[in-house]
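*Asks:* Next up, target_30.txt (compact mmCIF, C-alpha atoms).
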# COMPACT_ATOMS: atom_id res chain seq x y z
CA MET A 1 -12.53 -36.08 -1.20
CA LEU A 2 -11.36 -32.49 -0.99
CA ASN A 3 -11.18 -30.87 2.43
CA VAL A 4 -12.72 -27.38 2.28
CA SER A 5 -12.27 -25.11 5.27
CA ILE A 6 -14.48 -22.02 5.29
CA TYR A 7 -14.53 -18.99 7.59
CA ARG A 8 -17.90 -18.77 9.30
CA TYR A 9 -19.25 -15.90 11.36
CA ASN A 10 -22.82 -14.88 12.01
CA PRO A 11 -22.70 -12.03 14.55
CA GLU A 12 -26.30 -12.73 15.60
CA VAL A 13 -25.45 -16.28 16.68
CA ASP A 14 -21.67 -16.75 16.99
CA ALA A 15 -19.58 -15.27 19.78
CA GLU A 16 -16.57 -15.31 17.48
CA PRO A 17 -15.61 -16.48 13.99
CA PHE A 18 -14.58 -20.11 13.41
CA MET A 19 -13.41 -22.30 10.53
CA GLN A 20 -15.89 -24.96 9.39
CA ASP A 21 -14.67 -28.03 7.51
CA PHE A 22 -16.58 -29.56 4.64
CA GLU A 23 -15.86 -32.66 2.56
CA PHE A 24 -16.29 -32.06 -1.16
CA ASP A 25 -16.19 -34.43 -4.09
CA ALA A 26 -15.09 -32.57 -7.25
CA GLN A 27 -15.50 -35.81 -9.26
CA GLY A 28 -12.14 -35.23 -10.87
CA LYS A 29 -13.23 -31.95 -12.46
CA ASP A 30 -11.17 -28.76 -12.25
CA LEU A 31 -14.08 -26.67 -10.95
CA MET A 32 -13.88 -23.02 -10.03
CA VAL A 33 -13.85 -22.14 -6.33
CA LEU A 34 -17.24 -20.45 -6.77
CA ASP A 35 -18.71 -23.75 -8.02
CA VAL A 36 -17.54 -25.37 -4.79
CA LEU A 37 -19.13 -22.59 -2.71
CA GLU A 38 -22.41 -22.89 -4.65
CA LYS A 39 -22.57 -26.66 -4.13
CA LEU A 40 -21.72 -26.33 -0.43
CA LYS A 41 -24.46 -23.72 -0.06
CA VAL A 42 -26.97 -26.30 -1.26
CA GLU A 43 -25.70 -28.55 1.53
CA ASP A 44 -25.69 -25.73 4.12
CA PRO A 45 -27.97 -22.85 3.08
CA SER A 46 -26.72 -20.70 5.98
CA LEU A 47 -23.38 -20.19 4.17
CA VAL A 48 -23.23 -16.60 2.90
CA PHE A 49 -21.08 -15.11 0.13
CA ARG A 50 -21.45 -12.53 -2.63
CA ARG A 51 -21.53 -13.50 -6.31
CA SER A 52 -23.14 -12.26 -9.46
CA CYS A 53 -21.75 -12.66 -12.97
CA ARG A 54 -19.65 -15.81 -12.26
CA GLU A 55 -17.18 -14.86 -15.00
CA GLY A 56 -14.74 -12.37 -13.46
CA VAL A 57 -16.48 -9.22 -14.64
CA CYS A 58 -18.59 -7.95 -11.74
CA GLY A 59 -16.01 -8.26 -8.97
CA SER A 60 -18.50 -9.44 -6.33
CA ASP A 61 -16.88 -12.67 -5.20
CA GLY A 62 -13.47 -11.48 -4.08
CA VAL A 63 -12.34 -13.79 -1.26
CA ASN A 64 -9.11 -15.00 0.25
CA ILE A 65 -8.44 -18.40 -1.32
CA SER A 66 -5.77 -20.51 0.39
CA GLY A 67 -4.00 -17.34 1.52
CA LYS A 68 -4.25 -15.34 -1.70
CA ASN A 69 -6.96 -12.84 -2.59
CA GLY A 70 -8.80 -13.59 -5.81
CA LEU A 71 -12.17 -13.97 -7.50
CA ALA A 72 -13.76 -17.30 -6.61
CA CYS A 73 -15.44 -17.54 -10.03
CA ILE A 74 -12.21 -17.52 -12.07
CA THR A 75 -9.88 -19.34 -9.67
CA PRO A 76 -9.74 -23.05 -10.59
CA LEU A 77 -9.24 -25.70 -7.91
CA SER A 78 -5.98 -26.72 -9.62
CA GLU A 79 -4.57 -23.29 -8.61
CA ALA A 80 -6.23 -22.99 -5.23
CA VAL A 81 -5.92 -26.42 -3.59
CA LYS A 82 -2.80 -27.06 -1.59
CA GLY A 83 -2.26 -30.56 -0.16
CA ASN A 84 -5.89 -31.60 -0.80
CA LYS A 85 -7.07 -28.62 1.28
CA LEU A 86 -8.93 -25.51 0.18
CA VAL A 87 -9.16 -22.65 2.68
CA ILE A 88 -11.61 -19.82 1.99
CA ARG A 89 -11.71 -16.69 4.12
CA PRO A 90 -13.21 -13.23 3.58
CA LEU A 91 -10.94 -10.55 2.13
CA PRO A 92 -8.70 -9.41 4.99
CA GLY A 93 -8.62 -5.98 6.63
CA LEU A 94 -12.26 -4.94 6.30
CA PRO A 95 -15.06 -5.68 8.80
CA VAL A 96 -16.92 -8.96 8.26
CA ILE A 97 -20.69 -8.66 7.99
CA ARG A 98 -21.28 -12.40 7.83
CA ASP A 99 -19.24 -15.41 6.67
CA LEU A 100 -17.44 -14.34 3.46
CA VAL A 101 -19.27 -11.02 3.11
CA ILE A 102 -17.29 -7.93 4.11
CA ASP A 103 -18.33 -4.32 4.67
CA MET A 104 -16.74 -2.42 1.79
CA ALA A 105 -17.80 1.08 2.94
CA GLN A 106 -14.20 2.11 3.72
CA PHE A 107 -13.04 0.88 0.33
CA TYR A 108 -15.74 2.86 -1.49
CA ALA A 109 -15.07 5.95 0.67
CA GLN A 110 -11.50 6.01 -0.67
CA TYR A 111 -12.78 5.47 -4.22
CA GLU A 112 -15.14 8.44 -3.79
CA LYS A 113 -12.25 10.63 -2.58
CA ILE A 114 -10.39 10.44 -5.88
CA GLN A 115 -13.45 11.80 -7.78
CA PRO A 116 -13.83 8.84 -10.16
CA TYR A 117 -15.52 10.77 -12.93
CA MET A 118 -14.46 13.06 -15.75
CA ILE A 119 -14.08 16.71 -14.81
CA ASN A 120 -14.19 19.06 -17.76
CA ASN A 121 -16.03 22.36 -17.46
CA SER A 122 -15.51 23.49 -21.05
CA PRO A 123 -18.69 23.45 -23.20
CA ALA A 124 -19.38 19.95 -24.46
CA PRO A 125 -18.90 19.54 -28.23
CA ALA A 126 -21.88 18.57 -30.39
CA ILE A 127 -21.07 14.86 -30.54
CA GLU A 128 -18.28 13.77 -28.20
CA ARG A 129 -14.88 14.73 -26.75
CA LEU A 130 -12.39 13.16 -29.11
CA GLN A 131 -9.15 11.40 -28.23
CA SER A 132 -6.32 10.29 -30.47
CA PRO A 133 -5.56 6.54 -30.45
CA GLU A 134 -2.36 7.37 -28.51
CA GLU A 135 -4.27 9.30 -25.85
CA ARG A 136 -6.78 6.50 -25.58
CA ALA A 137 -3.98 3.93 -25.24
CA LYS A 138 -2.85 5.62 -22.02
CA LEU A 139 -6.03 4.34 -20.34
CA ASP A 140 -5.25 0.70 -21.08
CA GLY A 141 -4.38 -1.22 -17.95
CA LEU A 142 -6.37 1.32 -15.89
CA TYR A 143 -9.99 1.33 -17.03
CA GLU A 144 -10.28 -2.46 -16.68
CA CYS A 145 -10.44 -2.30 -12.86
CA ILE A 146 -13.66 -3.89 -11.57
CA LEU A 147 -13.34 -2.66 -7.95
CA CYS A 148 -13.30 -6.17 -6.49
CA ALA A 149 -11.02 -4.93 -3.65
CA CYS A 150 -8.65 -7.90 -3.93
CA CYS A 151 -5.68 -5.50 -4.21
CA SER A 152 -6.53 -2.98 -1.49
CA THR A 153 -7.33 -5.74 1.01
CA ALA A 154 -3.97 -7.41 0.24
CA CYS A 155 -2.12 -4.20 1.11
CA PRO A 156 -0.74 -3.81 4.67
CA SER A 157 -0.68 -0.01 4.30
CA PHE A 158 -4.43 -0.17 3.61
CA TRP A 159 -4.98 -2.56 6.55
CA TRP A 160 -3.31 -0.12 8.97
CA ASN A 161 -4.70 3.15 7.58
CA PRO A 162 -7.82 2.44 5.49
CA GLU A 163 -9.26 5.86 6.31
CA LYS A 164 -6.13 7.76 5.23
CA PHE A 165 -4.35 5.72 2.54
CA ILE A 166 -6.37 5.60 -0.66
CA GLY A 167 -5.17 2.11 -1.47
CA PRO A 168 -4.04 0.50 -4.73
CA SER A 169 -7.50 0.28 -6.28
CA GLY A 170 -8.39 3.93 -5.63
CA LEU A 171 -4.97 5.08 -6.81
CA LEU A 172 -5.20 3.06 -10.02
CA GLN A 173 -8.50 4.82 -10.65
CA ALA A 174 -7.00 8.18 -9.66
CA TYR A 175 -4.34 7.72 -12.32
CA ARG A 176 -6.98 6.59 -14.83
CA PHE A 177 -8.45 10.12 -14.63
CA LEU A 178 -5.09 11.90 -14.32
CA ALA A 179 -4.02 10.17 -17.53
CA ASP A 180 -7.20 11.00 -19.41
CA SER A 181 -6.61 13.71 -22.03
CA ARG A 182 -10.26 14.82 -21.74
CA ASP A 183 -10.04 15.54 -18.01
CA THR A 184 -9.02 19.12 -17.12
CA ALA A 185 -8.75 18.85 -13.32
CA THR A 186 -5.21 17.41 -13.22
CA GLU A 187 -3.76 20.08 -10.92
CA GLU A 188 -6.75 19.96 -8.59
CA ARG A 189 -6.55 16.17 -8.40
CA LEU A 190 -2.80 16.18 -7.75
CA SER A 191 -3.08 18.83 -5.03
CA LYS A 192 -5.30 16.47 -3.04
CA LEU A 193 -2.75 13.66 -3.15
CA ASP A 194 0.42 15.36 -1.91
CA ASP A 195 0.26 14.39 1.75
CA PRO A 196 2.18 11.66 3.63
CA PHE A 197 -0.76 9.22 3.50
CA SER A 198 -2.97 9.31 0.38
CA VAL A 199 -0.34 8.11 -2.11
CA PHE A 200 2.90 7.92 -0.16
CA ARG A 201 1.83 5.16 2.24
CA CYS A 202 2.56 2.89 -0.70
CA HIS A 203 5.96 1.31 -0.03
CA GLY A 204 5.93 -0.57 -3.32
CA ILE A 205 5.69 -4.12 -1.96
CA MET A 206 3.46 -5.04 -4.94
CA ASN A 207 1.00 -7.34 -3.13
CA CYS A 208 -1.64 -5.57 -5.23
CA VAL A 209 0.05 -6.61 -8.49
CA GLN A 210 0.41 -10.19 -7.29
CA VAL A 211 -3.30 -10.63 -6.54
CA CYS A 212 -5.09 -8.52 -9.18
CA PRO A 213 -7.45 -10.94 -10.97
CA LYS A 214 -7.46 -8.67 -14.02
CA GLY A 215 -3.66 -8.61 -14.26
CA LEU A 216 -3.44 -4.86 -13.63
CA ASN A 217 -0.50 -3.06 -12.05
CA PRO A 218 -1.51 -0.50 -9.38
CA THR A 219 2.11 -0.09 -8.22
CA LYS A 220 3.05 1.17 -11.69
CA ALA A 221 0.10 3.59 -11.68
CA ILE A 222 1.18 4.87 -8.25
CA GLY A 223 4.67 5.42 -9.68
CA HIS A 224 3.13 7.49 -12.49
CA ILE A 225 1.17 9.58 -9.96
CA ARG A 226 4.40 10.19 -8.02
CA ASN A 227 6.16 11.29 -11.20
CA MET A 228 3.29 13.67 -12.02
CA LEU A 229 3.53 15.10 -8.49
CA ILE A 230 7.29 15.60 -8.91
CA ARG A 231 6.82 17.30 -12.28
CA SER A 232 4.15 19.65 -10.91
CA ALA A 233 6.12 20.49 -7.76
CA THR A 234 8.70 23.23 -7.37
CA MET B 235 -5.79 15.65 1.60
CA VAL B 236 -4.83 14.11 4.95
CA THR B 237 -3.10 16.55 7.31
CA SER B 238 -0.16 15.73 9.57
CA VAL B 239 1.92 17.76 12.03
CA THR B 240 4.73 15.43 13.12
CA SER B 241 5.90 14.12 9.73
CA PHE B 242 9.33 15.29 8.58
CA GLY B 243 8.46 17.60 5.68
CA ARG B 244 4.64 17.78 6.05
CA SER B 245 4.40 16.75 2.40
CA GLY B 246 4.37 13.15 1.24
CA LEU B 247 6.31 14.02 -1.89
CA SER B 248 9.00 15.86 0.08
CA ASP B 249 9.38 13.00 2.57
CA TRP B 250 9.55 10.50 -0.29
CA LEU B 251 12.30 12.47 -2.04
CA VAL B 252 14.27 13.06 1.18
CA GLN B 253 14.06 9.32 1.95
CA ARG B 254 15.60 8.46 -1.45
CA VAL B 255 18.33 11.12 -1.42
CA THR B 256 19.41 10.36 2.16
CA ALA B 257 19.59 6.65 1.31
CA ILE B 258 22.01 7.44 -1.52
CA VAL B 259 24.16 9.63 0.77
CA MET B 260 24.33 6.84 3.38
CA ALA B 261 25.19 4.24 0.74
CA LEU B 262 28.00 6.44 -0.63
CA TYR B 263 29.38 6.93 2.90
CA VAL B 264 29.38 3.19 3.61
CA LEU B 265 31.08 2.50 0.27
CA PHE B 266 33.70 5.19 0.91
CA VAL B 267 34.53 3.99 4.43
CA ALA B 268 34.65 0.37 3.24
CA ALA B 269 36.96 1.35 0.38
CA PHE B 270 39.18 3.32 2.78
CA LEU B 271 39.44 0.35 5.16
CA LEU B 272 40.28 -2.03 2.31
CA ALA B 273 42.83 0.37 0.83
CA THR B 274 44.56 0.87 4.18
CA PRO B 275 45.57 -2.61 5.41
CA ASP B 276 47.81 -1.45 8.30
CA LEU B 277 45.29 1.05 9.62
CA GLY B 278 46.19 2.71 12.93
CA TYR B 279 44.75 5.46 15.11
CA SER B 280 46.82 8.21 13.49
CA GLN B 281 45.50 7.49 9.96
CA TRP B 282 41.93 7.07 11.18
CA ALA B 283 42.11 10.35 13.13
CA ALA B 284 43.78 12.16 10.25
CA LEU B 285 40.98 11.08 7.91
CA HIS B 286 38.31 12.37 10.27
CA LYS B 287 40.11 15.62 11.03
CA SER B 288 40.07 16.74 7.41
CA LEU B 289 37.31 19.22 6.64
CA PRO B 290 35.88 17.37 3.56
CA MET B 291 35.57 14.18 5.62
CA ARG B 292 33.92 16.06 8.47
CA MET B 293 31.45 17.57 6.01
CA PHE B 294 30.78 14.13 4.46
CA SER B 295 30.29 12.60 7.93
CA LEU B 296 28.01 15.46 8.97
CA LEU B 297 25.98 15.14 5.78
CA THR B 298 25.62 11.41 6.48
CA MET B 299 24.56 12.07 10.09
CA ILE B 300 21.93 14.54 8.89
CA SER B 301 20.81 11.97 6.33
CA ILE B 302 20.50 9.27 9.01
CA ALA B 303 18.47 11.65 11.20
CA ALA B 304 16.08 12.61 8.38
CA HIS B 305 15.80 9.02 7.13
CA ALA B 306 15.11 7.70 10.63
CA TRP B 307 12.56 10.44 11.33
CA ILE B 308 10.57 9.60 8.18
CA GLY B 309 10.87 5.84 8.67
CA MET B 310 10.00 5.85 12.36
CA TRP B 311 7.11 8.24 11.72
CA CYS B 312 5.72 5.73 9.20
CA VAL B 313 6.07 2.84 11.65
CA LEU B 314 4.43 4.77 14.50
CA THR B 315 1.52 5.96 12.35
CA ASP B 316 1.01 2.39 11.11
CA TYR B 317 0.86 0.62 14.45
CA ILE B 318 0.05 3.14 17.20
CA THR B 319 -3.35 4.17 15.92
CA VAL B 320 -6.87 4.24 17.37
CA ARG B 321 -7.73 1.38 14.99
CA MET B 322 -4.92 -0.79 16.35
CA ILE B 323 -4.78 -0.05 20.10
CA GLY B 324 -7.84 2.02 21.00
CA PRO B 325 -8.77 5.58 21.95
CA LYS B 326 -5.58 6.37 23.88
CA ALA B 327 -3.50 5.81 20.75
CA THR B 328 -3.26 9.45 19.68
CA ALA B 329 -1.71 10.58 22.97
CA ILE B 330 0.65 7.59 23.06
CA ARG B 331 1.66 8.10 19.43
CA ILE B 332 2.39 11.81 19.88
CA PHE B 333 4.46 10.96 22.98
CA PHE B 334 6.52 8.45 20.99
CA GLN B 335 6.75 10.75 17.96
CA LEU B 336 8.03 13.69 19.98
CA GLY B 337 10.37 11.35 21.88
CA MET B 338 11.67 9.94 18.59
CA ILE B 339 12.17 13.43 17.12
CA SER B 340 13.96 14.67 20.28
CA MET B 341 16.23 11.62 20.38
CA THR B 342 17.05 11.99 16.69
CA LEU B 343 18.00 15.65 17.10
CA LEU B 344 20.00 14.90 20.26
CA TYR B 345 21.95 12.14 18.50
CA LEU B 346 22.62 14.55 15.64
CA LEU B 347 24.00 17.24 18.00
CA TRP B 348 26.06 14.59 19.80
CA ALA B 349 27.46 13.41 16.47
CA ILE B 350 28.51 16.99 15.62
CA ASP B 351 30.21 17.25 19.01
CA ILE B 352 32.12 14.01 18.35
CA LEU B 353 33.08 14.96 14.77
CA TRP B 354 34.50 18.34 15.76
CA GLY B 355 35.99 17.04 18.97
CA ILE B 356 38.45 14.67 17.34
Could you quickly redo this structure as structure tokens?
*Replies:*
Amino acid sequence: MLNVSIYRYNPEVDAEPFMQDFEFDAQGKDLMVLDVLEKLKVEDPSLVFRRSCREGVCGSDGVNISGKNGLACITPLSEAVKGNKLVIRPLPGLPVIRDLVIDMAQFYAQYEKIQPYMINNSPAPAIERLQSPEERAKLDGLYECILCACCSTACPSFWWNPEKFIGPSGLLQAYRFLADSRDTATEERLSKLDDPFSVFRCHGIMNCVQVCPKGLNPTKAIGHIRNMLIRSAT
Amino acid sequence: MVTSVTSFGRSGLSDWLVQRVTAIVMALYVLFVAAFLLATPDLGYSQWAALHKSLPMRMFSLLTMISIAAHAWIGMWCVLTDYITVRMIGPKATAIRIFFQLGMISMTLLYLLWAIDILWGI
């Protein structure tokens, strides 16, 4: 039997959060962590977590699994269980609403700051704004981000200053638009990033790279933003 | 854009660049002094004083002292703005942080002036 320890907190009932232990029989199968949560929810319907697509596309079920942030739906027990024990906590650093559900308002506020949409005020062509294959290739490794918040909530700089530091996820998205040949607001975007917090709170410890369930590299994108800032500076 | 008044260069990019350049200066100084010590096995006061009396060495030492001051300012500012914040210790944090920041800046500048006094007093 697998020992599953889950962070529980219902602010309407509990004075403070606690860890609840469950016994789980995986019947020898290498289930995903989300499968375990689903089965335990049948046992205890008061257990609350977010989930949607169950295949690593929607980014809803980001949780801290045995100490490492990841998506419950694509993390197999063989990766997550250590010494017959599985520990599931909410993503760290953001307020807990209930059990494994966190309040992501701060995360989205930073995403909003980087203007995550194309800015191009020239008249739109009849069909579409074209890109060469090379220009399009620059967006690879950037557009795939699903905003699950695994990276930003693994980042100490984001824990300490979530209202000032944009965080790895927001910065990856910022570079996605800075790198887009169809976007014409490069200077305007860069001018909003040259302060001691927005980008430069990143000290390159690469927790974000280690946890990204999509295998993306926010630290590299942050490096590119820094290089663009250096090139545009005098 | 997040504003700041007590950071070293007011700009994140400037602080980032200063942090890198000063680190290189300090590393070169350590390497030079280590090489000098290794290359001078029977080192005595007269050789040590002669080294530090020469103008190029004084300039190198002064440059290193300035680098330490700038590097420490930027680093300490980062530490203070990470941990002494309203989020971490409550509403009094801003006053406490500014007290520590100004104290840190004053100490850094005082140490720098003291270092100049020592370098030119040999």
*Asks:* Per residue of chain B within 12 Å of chain A, record the nearest atom pair and its distance in Å to one decimal, counting only C-alpha atoms, with rows in chain order and ascending residue number, as a Markdown table.
*Replies:*
| residue | atom | partner | partner_atom | distance |
| --- | --- | --- | --- | --- |
| B:Met235 | CA | A:Lys192 | CA | 4.7 |
| B:Val236 | CA | A:Asp195 | CA | 6.0 |
| B:Thr237 | CA | A:Asp195 | CA | 6.8 |
| B:Ser238 | CA | A:Pro196 | CA | 7.6 |
| B:Val239 | CA | A:Pro196 | CA | 10.4 |
| B:Thr240 | CA | A:Pro196 | CA | 10.5 |
| B:Ser241 | CA | A:Pro196 | CA | 7.6 |
| B:Phe242 | CA | A:Pro196 | CA | 9.4 |
| B:Gly243 | CA | A:Pro196 | CA | 8.9 |
| B:Arg244 | CA | A:Asp195 | CA | 7.0 |
| B:Ser245 | CA | A:Asp195 | CA | 4.8 |
| B:Gly246 | CA | A:Pro196 | CA | 3.6 |
| B:Leu247 | CA | A:Asp194 | CA | 6.0 |
| B:Ser248 | CA | A:Pro196 | CA | 8.8 |
| B:Asp249 | CA | A:Pro196 | CA | 7.4 |
| B:Trp250 | CA | A:Phe200 | CA | 7.1 |
| B:Leu251 | CA | A:Ile230 | CA | 9.1 |
| B:Gln253 | CA | A:Phe200 | CA | 11.4 |
| B:Ile308 | CA | A:Pro196 | CA | 9.8 |
| B:Gly309 | CA | A:His203 | CA | 11.0 |
| B:Trp311 | CA | A:Pro196 | CA | 10.1 |
| B:Cys312 | CA | A:Arg201 | CA | 8.0 |
| B:Val313 | CA | A:Trp160 | CA | 10.2 |
| B:Leu314 | CA | A:Trp160 | CA | 10.7 |
| B:Thr315 | CA | A:Asn161 | CA | 8.3 |
| B:Asp316 | CA | A:Trp160 | CA | 5.4 |
| B:Tyr317 | CA | A:Trp160 | CA | 6.9 |
| B:Ile318 | CA | A:Trp160 | CA | 9.5 |
| B:Thr319 | CA | A:Trp160 | CA | 8.2 |
| B:Val320 | CA | A:Asn161 | CA | 10.1 |
| B:Arg321 | CA | A:Trp160 | CA | 7.6 |
| B:Met322 | CA | A:Trp160 | CA | 7.6 |
| B:Ile323 | CA | A:Trp160 | CA | 11.2 |
*Asks:* Tell me, as a ChimeraX atom specification, which residues lie within 10 Å of Phe294 of chain B, counting all atoms listed in the file; anything in the same chain fewer than 3 positions away does not count.
*Replies:* /B:259-260,262-263,286,289-291,297-300
*Asks:* Quick check, in Å to one decimal: how far apart do atom CA of Leu344 of chain B and atom CA of Ser295 of chain B lie?
*Replies:*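 Computed distance, atom CA of Leu344 of chain B to atom CA of Ser295 of chain B, equals 16.2 Å.
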*Asks:* Kindly indicate which residue among A:Leu130, A:Ile6, A:Leu147, A:Leu172 lies nearest to Asp44 of chain A, using only C-alpha atoms for the distances.
*Replies:* A:Ile6
*Asks:* Quick one: distance from atom CA of Ser169 of chain A to atom CA of Ile97 of chain A in Å, one decimal?
*Replies:*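 One can read the atom CA of Ser169 of chain A to atom CA of Ile97 of chain A distance as 21.4 Å.
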*Asks:* Figure out the distance between atom CA of Gly215 of chain A and atom CA of Met228 of chain A, please, to one decimal in Å.
*Replies:*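 Atom CA of Gly215 of chain A lies at a distance of 23.4 Å from atom CA of Met228 of chain A.
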*Asks:* Which residue gives the smallest distance to Ser52 of chain A among A:Leu34, A:Ala154, A:Met206, A:Lys68, with all atoms listed in the file counted?
*Replies:*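 The closest residue to Ser52 of chain A is A:Leu34.
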*Asks:* Counting only C-alpha atoms, figure out which residue out of A:Ala80, A:Val87, A:Val13, A:Cys208 gets nearest to Cys148 of chain A.
*Replies:*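 Residue with the minimum atom-to-atom distance to Cys148 of chain A: A:Cys208.
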*Asks:* Could you give me, as a PyMOL selection string, the residues within 10 Å of Leu2 of chain A, counting all atoms listed in the file and dropping anything in the same chain fewer than 3 positions from it?
*Replies:* chain A and resi 5+22-27+77+81+83-86
*Asks:* Any chance you could build segment 129-148 of chain A out to N, CA and C atoms and write it as an mmCIF file, keeping the file's coordinate frame?
*Replies:*
data_model
loop_
_atom_site.group_PDB
_atom_site.id
_atom_site.type_symbol
_atom_site.label_atom_id
_atom_site.label_comp_id
_atom_site.auth_asym_id
_atom_site.auth_seq_id
_atom_site.Cartn_x
_atom_site.Cartn_y
_atom_site.Cartn_z
ATOM 1 N N ARG A 129 -16.255 14.240 -26.928
ATOM 2 C CA ARG A 129 -14.880 14.730 -26.750
ATOM 3 C C ARG A 129 -13.948 13.693 -27.363
ATOM 4 N N LEU A 130 -13.211 14.117 -28.375
ATOM 5 C CA LEU A 130 -12.390 13.160 -29.110
ATOM 6 C C LEU A 130 -11.043 12.932 -28.439
ATOM 7 N N GLN A 131 -10.502 11.751 -28.670
ATOM 8 C CA GLN A 131 -9.150 11.400 -28.230
ATOM 9 C C GLN A 131 -8.430 10.774 -29.394
ATOM 10 N N SER A 132 -7.107 10.995 -29.462
ATOM 11 C CA SER A 132 -6.320 10.290 -30.470
ATOM 12 C C SER A 132 -6.119 8.857 -29.987
ATOM 13 N N PRO A 133 -5.812 7.927 -30.892
ATOM 14 C CA PRO A 133 -5.560 6.540 -30.450
ATOM 15 C C PRO A 133 -4.466 6.474 -29.387
ATOM 16 N N GLU A 134 -3.448 7.365 -29.497
ATOM 17 C CA GLU A 134 -2.360 7.370 -28.510
ATOM 18 C C GLU A 134 -2.868 7.800 -27.145
ATOM 19 N N GLU A 135 -3.710 8.830 -27.129
ATOM 20 C CA GLU A 135 -4.270 9.300 -25.850
ATOM 21 C C GLU A 135 -5.142 8.227 -25.223
ATOM 22 N N ARG A 136 -5.905 7.570 -26.073
ATOM 23 C CA ARG A 136 -6.780 6.500 -25.580
ATOM 24 C C ARG A 136 -5.956 5.331 -25.017
ATOM 25 N N ALA A 137 -4.810 5.071 -25.660
ATOM 26 C CA ALA A 137 -3.980 3.930 -25.240
ATOM 27 C C ALA A 137 -3.452 4.112 -23.825
ATOM 28 N N LYS A 138 -3.361 5.376 -23.374
ATOM 29 C CA LYS A 138 -2.850 5.620 -22.020
ATOM 30 C C LYS A 138 -3.802 5.083 -20.941
ATOM 31 N N LEU A 139 -5.061 4.840 -21.329
ATOM 32 C CA LEU A 139 -6.030 4.340 -20.340
ATOM 33 C C LEU A 139 -6.036 2.820 -20.241
ATOM 34 N N ASP A 140 -5.326 2.173 -21.149
ATOM 35 C CA ASP A 140 -5.250 0.700 -21.080
ATOM 36 C C ASP A 140 -4.502 0.284 -19.821
ATOM 37 N N GLY A 141 -5.001 -0.768 -19.198
ATOM 38 C CA GLY A 141 -4.380 -1.220 -17.950
ATOM 39 C C GLY A 141 -4.895 -0.441 -16.751
ATOM 40 N N LEU A 142 -5.809 0.513 -16.983
ATOM 41 C CA LEU A 142 -6.370 1.320 -15.890
ATOM 42 C C LEU A 142 -7.892 1.168 -15.840
ATOM 43 N N TYR A 143 -8.520 1.326 -17.012
ATOM 44 C CA TYR A 143 -9.990 1.330 -17.030
ATOM 45 C C TYR A 143 -10.581 -0.036 -16.734
ATOM 46 N N GLU A 144 -9.764 -1.092 -16.828
ATOM 47 C CA GLU A 144 -10.280 -2.460 -16.680
ATOM 48 C C GLU A 144 -10.623 -2.817 -15.237
ATOM 49 N N CYS A 145 -10.210 -1.975 -14.277
ATOM 50 C CA CYS A 145 -10.440 -2.300 -12.860
ATOM 51 C C CYS A 145 -11.915 -2.488 -12.574
ATOM 52 N N ILE A 146 -12.255 -3.585 -11.857
ATOM 53 C CA ILE A 146 -13.660 -3.890 -11.570
ATOM 54 C C ILE A 146 -14.002 -3.655 -10.102
ATOM 55 N N LEU A 147 -13.091 -3.025 -9.353
ATOM 56 C CA LEU A 147 -13.340 -2.660 -7.950
ATOM 57 C C LEU A 147 -13.707 -3.875 -7.090
ATOM 58 N N CYS A 148 -13.000 -4.970 -7.271
ATOM 59 C CA CYS A 148 -13.300 -6.170 -6.490
ATOM 60 C C CYS A 148 -12.659 -6.091 -5.104
#
